[in-house]
Amino acid sequence: MEIVIVPDAAAGGELIAAAIADLLSAKPDALLGVATGSTPLPIYQALAARVQAATLDASRARICQLDEYVGLPAGHPESYRSVVLREVVEPLGLTEESFLGPDGNAQDIAAAAIAYDRALAEAGGVDLQLLGIGTDGHIGFNEPCSSLASRTRIKTLTRQTREDNARFFDSLDEVPHHVITQGIGTILEARHLVLLATGEAKAEAVALALEGPLSAAVPASALQLHPHATVVVDEAAAAGL
Ligand code: GLP
C-alpha cells in the first residue's frame, strides 16, 4: 500500500486529480468510481478546473457510484445520484449517459443491488475507485463487521453514521436508515483504490485501517488486501500513524 501524506485537503485533491488525469490520458473511457461526502470535493474541484482550463479531456470518462440511500424520493438533492450528478458529472461536462448507479428506489432493493454489481462487471470493472473513510472505519456504507467478501447489497446504517451524515439533511430523522452499497469484495475488484482522508476526526480510523490488523471490525483495513491501493492523508488525519 502506498501512503502519501500531504499538507492539506487541497493538496490531496490536486494529487488525486493528477492521478485521474494520467489514467484518462492512458484510457479515455476509464470507469471512475466516485465517493460522496465532504472529503472528495477538492478532487472534483481540481478535476473540473482542469477540464475548464482545457488541460484535461474527460469527455469519454465513465462515472459510477459507490453507494446510495434507499428510499429518498427521485431527485432529492441529497440522494447520492443527485450529489454525483451535481459534483462530478455536470462539472466534468458529462451526461447521465456516462453514469452508472444503483436504484435506491427499486421495488426490490436486493435485486437492484445484484443488478448493480452485474452492471459494474459488464462495464468492464472499475478502473479507479475513490474512497473516503467513516469515523468508524467504514468504506462506502460498509459498516463495521461487514464481510470482507461482501457484494453490493442493502445495509442498515449505524446511529453514528446517520449522525455524521445528518449535516446534509434538515434533521437526523430525515437521514435514511437503509442504503445500497458496493460490498467490500466488490470494491476490492477495482483495479486501483484511492482513499482520501482529511481532518483530525479521521485520524483514529486511518491508523486502525492502515496499521491495525486486517479486520471486518474496521472495513477500511480491507485495503491491506489490495495489490494497488493508495491512501492520501493530510497531516491531521495522519496524526495517529
Ligand atoms: C458516507 C459515504 C462514504 C464516505 C463517508 C465519509 O458514509 N457513504 O463513502 O466516505 O460518508 O464522508 P466525509 O468525507 O464527509 O467524512
# chains A, B, ... in the order shown; residues from 1 in each chain; ligands from 1

call {"tool": "residues_around", "arguments": {"residues": "region 201-218 of chain A", "least_positions_apart": "6", "cutoff": "10 Å", "atoms": "only C-alpha atoms", "output": "mmCIF file with N, CA and C atoms, in the first residue's frame"}}
result
data_model
loop_
_atom_site.group_PDB
_atom_site.id
_atom_site.type_symbol
_atom_site.label_atom_id
_atom_site.label_comp_id
_atom_site.auth_asym_id
_atom_site.auth_seq_id
_atom_site.Cartn_x
_atom_site.Cartn_y
_atom_site.Cartn_z
ATOM 1 N N MET A 1 0.845 -1.193 0.000
ATOM 2 C CA MET A 1 0.000 0.000 0.000
ATOM 3 C C MET A 1 0.884 1.248 0.000
ATOM 4 N N ILE A 3 1.221 5.106 0.895
ATOM 5 C CA ILE A 3 0.627 6.118 1.776
ATOM 6 C C ILE A 3 1.325 7.446 1.501
ATOM 7 N N GLY A 132 -13.675 7.458 0.599
ATOM 8 C CA GLY A 132 -13.440 8.196 1.832
ATOM 9 C C GLY A 132 -13.427 7.173 2.950
ATOM 10 N N ILE A 133 -13.428 7.640 4.169
ATOM 11 C CA ILE A 133 -13.489 6.729 5.316
ATOM 12 C C ILE A 133 -14.404 7.342 6.370
ATOM 13 N N GLY A 134 -15.275 6.520 6.927
ATOM 14 C CA GLY A 134 -16.129 6.997 8.002
ATOM 15 C C GLY A 134 -15.347 7.071 9.310
ATOM 16 N N THR A 135 -15.870 7.793 10.276
ATOM 17 C CA THR A 135 -15.155 7.901 11.554
ATOM 18 C C THR A 135 -15.070 6.532 12.239
ATOM 19 N N ASP A 136 -15.954 5.608 11.851
ATOM 20 C CA ASP A 136 -15.897 4.257 12.421
ATOM 21 C C ASP A 136 -15.134 3.285 11.511
ATOM 22 N N GLY A 137 -14.463 3.825 10.503
ATOM 23 C CA GLY A 137 -13.648 2.980 9.625
ATOM 24 C C GLY A 137 -14.410 2.405 8.443
ATOM 25 N N HIS A 138 -15.651 2.867 8.210
ATOM 26 C CA HIS A 138 -16.386 2.280 7.076
ATOM 27 C C HIS A 138 -15.898 2.817 5.738
ATOM 28 N N ILE A 139 -16.058 2.011 4.710
ATOM 29 C CA ILE A 139 -15.836 2.453 3.327
ATOM 30 C C ILE A 139 -17.131 2.193 2.569
ATOM 31 N N ASN A 142 -20.198 0.286 4.034
ATOM 32 C CA ASN A 142 -19.912 -0.993 4.687
ATOM 33 C C ASN A 142 -19.527 -0.705 6.130
ATOM 34 N N GLU A 143 -20.504 -0.830 6.999
ATOM 35 C CA GLU A 143 -20.286 -0.509 8.404
ATOM 36 C C GLU A 143 -19.423 -1.590 9.055
ATOM 37 N N PRO A 144 -18.850 -1.317 10.237
ATOM 38 C CA PRO A 144 -18.025 -2.316 10.923
ATOM 39 C C PRO A 144 -18.742 -3.658 11.019
ATOM 40 N N CYS A 145 -17.960 -4.699 10.792
ATOM 41 C CA CYS A 145 -18.401 -6.103 10.798
ATOM 42 C C CYS A 145 -19.086 -6.517 9.496
ATOM 43 N N SER A 146 -18.996 -5.667 8.456
ATOM 44 C CA SER A 146 -19.383 -6.118 7.117
ATOM 45 C C SER A 146 -18.387 -7.183 6.676
ATOM 46 N N SER A 147 -18.888 -8.190 5.969
ATOM 47 C CA SER A 147 -17.986 -9.231 5.473
ATOM 48 C C SER A 147 -16.964 -8.640 4.507
ATOM 49 N N LEU A 148 -15.728 -9.065 4.653
ATOM 50 C CA LEU A 148 -14.685 -8.567 3.746
ATOM 51 C C LEU A 148 -14.893 -9.091 2.325
ATOM 52 N N ALA A 149 -15.745 -10.111 2.171
ATOM 53 C CA ALA A 149 -16.030 -10.659 0.834
ATOM 54 C C ALA A 149 -17.381 -10.172 0.302
ATOM 55 N N ILE A 184 -17.538 -4.907 0.172
ATOM 56 C CA ILE A 184 -16.078 -4.793 0.278
ATOM 57 C C ILE A 184 -15.413 -5.651 -0.798
ATOM 58 N N GLN A 224 -5.662 -3.291 2.847
ATOM 59 C CA GLN A 224 -4.395 -4.020 3.013
ATOM 60 C C GLN A 224 -4.319 -5.235 2.088
ATOM 61 N N LEU A 225 -5.498 -5.709 1.634
ATOM 62 C CA LEU A 225 -5.545 -6.887 0.760
ATOM 63 C C LEU A 225 -5.324 -6.537 -0.705
ATOM 64 N N VAL A 231 -3.318 5.561 -0.368
ATOM 65 C CA VAL A 231 -4.024 6.301 0.674
ATOM 66 C C VAL A 231 -3.374 7.672 0.792
ATOM 67 N N VAL A 233 -3.441 11.158 2.849
ATOM 68 C CA VAL A 233 -3.926 11.727 4.117
ATOM 69 C C VAL A 233 -3.269 13.079 4.351
ATOM 70 N N ASP A 234 -4.032 13.995 4.940
ATOM 71 C CA ASP A 234 -3.391 15.255 5.328
ATOM 72 C C ASP A 234 -2.722 15.067 6.690
ATOM 73 N N GLU A 235 -2.005 16.078 7.119
ATOM 74 C CA GLU A 235 -1.228 15.964 8.374
ATOM 75 C C GLU A 235 -2.152 15.594 9.545
ATOM 76 N N ALA A 236 -3.346 16.191 9.565
ATOM 77 C CA ALA A 236 -4.262 15.961 10.697
ATOM 78 C C ALA A 236 -4.746 14.523 10.722
ATOM 79 N N ALA A 237 -5.115 13.991 9.567
ATOM 80 C CA ALA A 237 -5.617 12.611 9.511
ATOM 81 C C ALA A 237 -4.486 11.604 9.698
ATOM 82 N N ALA A 238 -3.255 12.051 9.496
ATOM 83 C CA ALA A 238 -2.085 11.162 9.669
ATOM 84 C C ALA A 238 -1.584 11.165 11.101
ATOM 85 N N ALA A 239 -2.246 11.915 11.985
ATOM 86 C CA ALA A 239 -1.695 12.135 13.336
ATOM 87 C C ALA A 239 -1.514 10.839 14.130
ATOM 88 N N GLY A 240 -2.301 9.808 13.833
ATOM 89 C CA GLY A 240 -2.209 8.560 14.603
ATOM 90 C C GLY A 240 -1.253 7.550 13.987
ATOM 91 N N LEU A 241 -0.628 7.891 12.859
ATOM 92 C CA LEU A 241 0.259 6.920 12.187
ATOM 93 C C LEU A 241 1.654 6.956 12.817
#

call {"tool": "select_by_dssp", "arguments": {"residues": "chain A", "states": "strand (DSSP E or B)", "output": "ChimeraX atom specification"}}
result
/A:2-6,31-34,62-65,67-69,99-100,128-131,139,142,153-156,178-181,192-197,229-234

call {"tool": "closest_residue", "arguments": {"among": "A:His226, A:Lys27, A:His178, A:His192", "to": "ligand 1", "atoms": "only C-alpha atoms and all ligand atoms"}}
result
A:His178

call {"tool": "residues_around", "arguments": {"residues": "Leu23 (chain A)", "least_positions_apart": "5", "cutoff": "9 Å", "atoms": "only C-alpha atoms", "output": "list in words"}}
result
Ala18, Pro28, Ala30, Asp127 and Leu128 of chain A

call {"tool": "residues_near_ligand", "arguments": {"ligand": "ligand 1", "cutoff": "7 Å", "atoms": "only C-alpha atoms and all ligand atoms", "output": "list in words"}}
result
Ala35, Thr36, Gly37, Ser38, Thr39, Pro40, Leu66, Asp67, Leu131, Gly132, Ile133, Gly134, Ile139, Gly140, Phe141, Thr161 and Asn165 of chain A

call {"tool": "write_last_selection", "arguments": {"atoms": "N, CA and C atoms", "output": "PDB file, in the first residue's frame"}}
result
ATOM      1  N   ALA A  35     -16.802   8.653  -4.768  1.00  0.00           N
ATOM      2  CA  ALA A  35     -17.359   8.614  -3.416  1.00  0.00           C
ATOM      3  C   ALA A  35     -18.058   9.941  -3.140  1.00  0.00           C
ATOM      4  N   THR A  36     -18.942   9.911  -2.160  1.00  0.00           N
ATOM      5  CA  THR A  36     -19.629  11.140  -1.756  1.00  0.00           C
ATOM      6  C   THR A  36     -19.047  11.604  -0.419  1.00  0.00           C
ATOM      7  N   GLY A  37     -19.734  12.513   0.232  1.00  0.00           N
ATOM      8  CA  GLY A  37     -19.216  13.098   1.471  1.00  0.00           C
ATOM      9  C   GLY A  37     -18.425  14.354   1.142  1.00  0.00           C
ATOM     10  N   SER A  38     -17.914  14.998   2.186  1.00  0.00           N
ATOM     11  CA  SER A  38     -17.189  16.264   2.003  1.00  0.00           C
ATOM     12  C   SER A  38     -15.764  16.037   1.506  1.00  0.00           C
ATOM     13  N   THR A  39     -15.158  14.935   1.908  1.00  0.00           N
ATOM     14  CA  THR A  39     -13.725  14.740   1.671  1.00  0.00           C
ATOM     15  C   THR A  39     -13.318  14.803   0.198  1.00  0.00           C
ATOM     16  N   PRO A  40     -14.045  14.133  -0.720  1.00  0.00           N
ATOM     17  CA  PRO A  40     -13.541  14.117  -2.095  1.00  0.00           C
ATOM     18  C   PRO A  40     -13.820  15.400  -2.890  1.00  0.00           C
ATOM     19  N   LEU A  66     -20.577   4.632  -5.664  1.00  0.00           N
ATOM     20  CA  LEU A  66     -20.127   3.671  -4.655  1.00  0.00           C
ATOM     21  C   LEU A  66     -21.304   3.158  -3.840  1.00  0.00           C
ATOM     22  N   ASP A  67     -22.244   4.034  -3.567  1.00  0.00           N
ATOM     23  CA  ASP A  67     -23.337   3.675  -2.662  1.00  0.00           C
ATOM     24  C   ASP A  67     -24.500   4.642  -2.860  1.00  0.00           C
ATOM     25  N   LEU A 131     -12.316   6.512  -2.555  1.00  0.00           N
ATOM     26  CA  LEU A 131     -12.949   6.162  -1.288  1.00  0.00           C
ATOM     27  C   LEU A 131     -12.697   7.256  -0.265  1.00  0.00           C
ATOM     28  N   GLY A 132     -13.675   7.458   0.599  1.00  0.00           N
ATOM     29  CA  GLY A 132     -13.440   8.196   1.832  1.00  0.00           C
ATOM     30  C   GLY A 132     -13.427   7.173   2.950  1.00  0.00           C
ATOM     31  N   ILE A 133     -13.428   7.640   4.169  1.00  0.00           N
ATOM     32  CA  ILE A 133     -13.489   6.729   5.316  1.00  0.00           C
ATOM     33  C   ILE A 133     -14.404   7.342   6.370  1.00  0.00           C
ATOM     34  N   GLY A 134     -15.275   6.520   6.927  1.00  0.00           N
ATOM     35  CA  GLY A 134     -16.129   6.997   8.002  1.00  0.00           C
ATOM     36  C   GLY A 134     -15.347   7.071   9.310  1.00  0.00           C
ATOM     37  N   ILE A 139     -16.058   2.011   4.710  1.00  0.00           N
ATOM     38  CA  ILE A 139     -15.836   2.453   3.327  1.00  0.00           C
ATOM     39  C   ILE A 139     -17.131   2.193   2.569  1.00  0.00           C
ATOM     40  N   GLY A 140     -17.466   3.103   1.631  1.00  0.00           N
ATOM     41  CA  GLY A 140     -18.812   3.055   1.063  1.00  0.00           C
ATOM     42  C   GLY A 140     -19.756   3.188   2.237  1.00  0.00           C
ATOM     43  N   PHE A 141     -20.717   2.294   2.308  1.00  0.00           N
ATOM     44  CA  PHE A 141     -21.549   2.221   3.509  1.00  0.00           C
ATOM     45  C   PHE A 141     -21.385   0.845   4.150  1.00  0.00           C
ATOM     46  N   THR A 161     -23.125   6.781  11.933  1.00  0.00           N
ATOM     47  CA  THR A 161     -23.043   7.221  10.534  1.00  0.00           C
ATOM     48  C   THR A 161     -24.226   8.132  10.201  1.00  0.00           C
ATOM     49  N   ASN A 165     -23.860  12.010   9.000  1.00  0.00           N
ATOM     50  CA  ASN A 165     -24.407  12.478   7.722  1.00  0.00           C
ATOM     51  C   ASN A 165     -25.610  13.400   7.889  1.00  0.00           C
TER      52      ASN A 165
END

call {"tool": "decode", "arguments": {"residues": "region 18-131 of chain A", "atoms": "C-alpha atoms", "output": "short mmCIF file (atom, residue, chain, number, x, y, z; two decimals), in the first residue's frame"}}
result
data_model
loop_
_atom_site.label_atom_id
_atom_site.label_comp_id
_atom_site.auth_asym_id
_atom_site.auth_seq_id
_atom_site.Cartn_x
_atom_site.Cartn_y
_atom_site.Cartn_z
CA ALA A 18 -3.43 14.41 -11.36
CA ALA A 19 -3.58 10.60 -10.99
CA ILE A 20 -7.06 10.56 -12.56
CA ALA A 21 -5.85 12.80 -15.40
CA ASP A 22 -2.99 10.33 -16.05
CA LEU A 23 -5.48 7.45 -16.10
CA LEU A 24 -7.76 9.27 -18.56
CA SER A 25 -4.90 10.11 -20.88
CA ALA A 26 -3.97 6.41 -20.98
CA LYS A 27 -7.58 5.18 -21.07
CA PRO A 28 -10.01 7.95 -22.07
CA ASP A 29 -13.12 5.86 -21.34
CA ALA A 30 -11.93 4.68 -17.92
CA LEU A 31 -14.65 3.81 -15.41
CA LEU A 32 -14.12 6.07 -12.41
CA GLY A 33 -15.82 5.10 -9.16
CA VAL A 34 -16.62 8.14 -7.10
CA ALA A 35 -17.36 8.61 -3.42
CA THR A 36 -19.63 11.14 -1.76
CA GLY A 37 -19.22 13.10 1.47
CA SER A 38 -17.19 16.26 2.00
CA THR A 39 -13.73 14.74 1.67
CA PRO A 40 -13.54 14.12 -2.09
CA LEU A 41 -14.89 17.54 -3.09
CA PRO A 42 -11.37 19.03 -3.58
CA ILE A 43 -10.67 16.20 -6.05
CA TYR A 44 -13.77 17.03 -8.09
CA GLN A 45 -13.00 20.76 -7.97
CA ALA A 46 -9.44 20.12 -9.16
CA LEU A 47 -10.71 17.90 -11.98
CA ALA A 48 -13.33 20.45 -13.06
CA ALA A 49 -10.65 23.19 -13.06
CA ARG A 50 -8.51 21.09 -15.40
CA VAL A 51 -11.47 20.49 -17.73
CA GLN A 52 -12.29 24.22 -17.75
CA ALA A 53 -8.67 25.09 -18.47
CA ALA A 54 -8.73 22.51 -21.29
CA THR A 55 -5.75 20.69 -19.77
CA LEU A 56 -7.90 17.57 -19.24
CA ASP A 57 -10.22 15.89 -21.71
CA ALA A 58 -12.68 13.90 -19.60
CA SER A 59 -15.32 13.74 -22.31
CA ARG A 60 -15.18 9.96 -22.63
CA ALA A 61 -14.87 9.18 -18.92
CA ARG A 62 -17.49 6.99 -17.30
CA ILE A 63 -18.58 7.57 -13.72
CA CYS A 64 -20.09 5.12 -11.24
CA GLN A 65 -21.46 5.39 -7.75
CA LEU A 66 -20.13 3.67 -4.65
CA ASP A 67 -23.34 3.68 -2.66
CA GLU A 68 -26.83 5.14 -2.39
CA TYR A 69 -29.51 5.83 0.17
CA VAL A 70 -32.64 3.69 -0.02
CA GLY A 71 -35.98 5.41 -0.34
CA LEU A 72 -35.12 9.06 -0.91
CA PRO A 73 -37.54 10.46 -3.50
CA ALA A 74 -36.18 10.65 -7.06
CA GLY A 75 -34.34 13.92 -7.50
CA HIS A 76 -33.87 14.50 -3.75
CA PRO A 77 -30.82 16.83 -3.57
CA GLU A 78 -29.05 14.55 -1.08
CA SER A 79 -29.57 11.27 -2.90
CA TYR A 80 -26.08 10.22 -3.91
CA ARG A 81 -27.22 10.12 -7.52
CA SER A 82 -28.08 13.83 -7.28
CA VAL A 83 -24.83 14.58 -5.44
CA VAL A 84 -22.66 12.78 -8.02
CA LEU A 85 -24.51 14.40 -10.93
CA ARG A 86 -24.07 17.84 -9.32
CA GLU A 87 -20.50 17.49 -8.03
CA VAL A 88 -18.88 15.28 -10.67
CA VAL A 89 -20.87 14.51 -13.82
CA GLU A 90 -22.04 18.03 -14.68
CA PRO A 91 -18.81 19.90 -13.77
CA LEU A 92 -16.87 17.48 -15.98
CA GLY A 93 -19.23 18.21 -18.87
CA LEU A 94 -20.59 14.66 -18.89
CA THR A 95 -24.18 13.48 -19.11
CA GLU A 96 -26.25 10.86 -17.29
CA GLU A 97 -25.47 8.51 -20.18
CA SER A 98 -21.93 8.13 -18.89
CA PHE A 99 -23.14 7.42 -15.38
CA LEU A 100 -23.91 4.17 -13.54
CA GLY A 101 -25.56 3.92 -10.14
CA PRO A 102 -27.75 1.61 -8.08
CA ASP A 103 -31.51 2.20 -7.91
CA GLY A 104 -32.28 3.18 -4.33
CA ASN A 105 -35.98 3.38 -5.15
CA ALA A 106 -36.42 -0.06 -6.69
CA GLN A 107 -39.37 -2.19 -5.55
CA ASP A 108 -36.91 -5.00 -4.97
CA ILE A 109 -33.78 -3.50 -3.41
CA ALA A 110 -31.99 -6.85 -3.11
CA ALA A 111 -32.40 -7.41 -6.85
CA ALA A 112 -31.33 -3.84 -7.62
CA ALA A 113 -28.12 -4.39 -5.64
CA ILE A 114 -27.32 -7.60 -7.53
CA ALA A 115 -28.12 -5.85 -10.82
CA TYR A 116 -25.70 -3.03 -9.98
CA ASP A 117 -22.90 -5.47 -9.18
CA ARG A 118 -23.53 -7.11 -12.56
CA ALA A 119 -23.66 -3.76 -14.36
CA LEU A 120 -20.23 -2.83 -12.99
CA ALA A 121 -18.78 -6.11 -14.23
CA GLU A 122 -20.45 -5.72 -17.64
CA ALA A 123 -18.99 -2.21 -17.91
CA GLY A 124 -15.56 -3.84 -17.70
CA GLY A 125 -14.96 -3.21 -14.00
CA VAL A 126 -13.93 -0.08 -12.17
CA ASP A 127 -10.53 1.31 -13.17
CA LEU A 128 -10.04 3.65 -10.23
CA GLN A 129 -12.28 3.74 -7.16
CA LEU A 130 -12.18 6.79 -4.94
CA LEU A 131 -12.95 6.16 -1.29
#
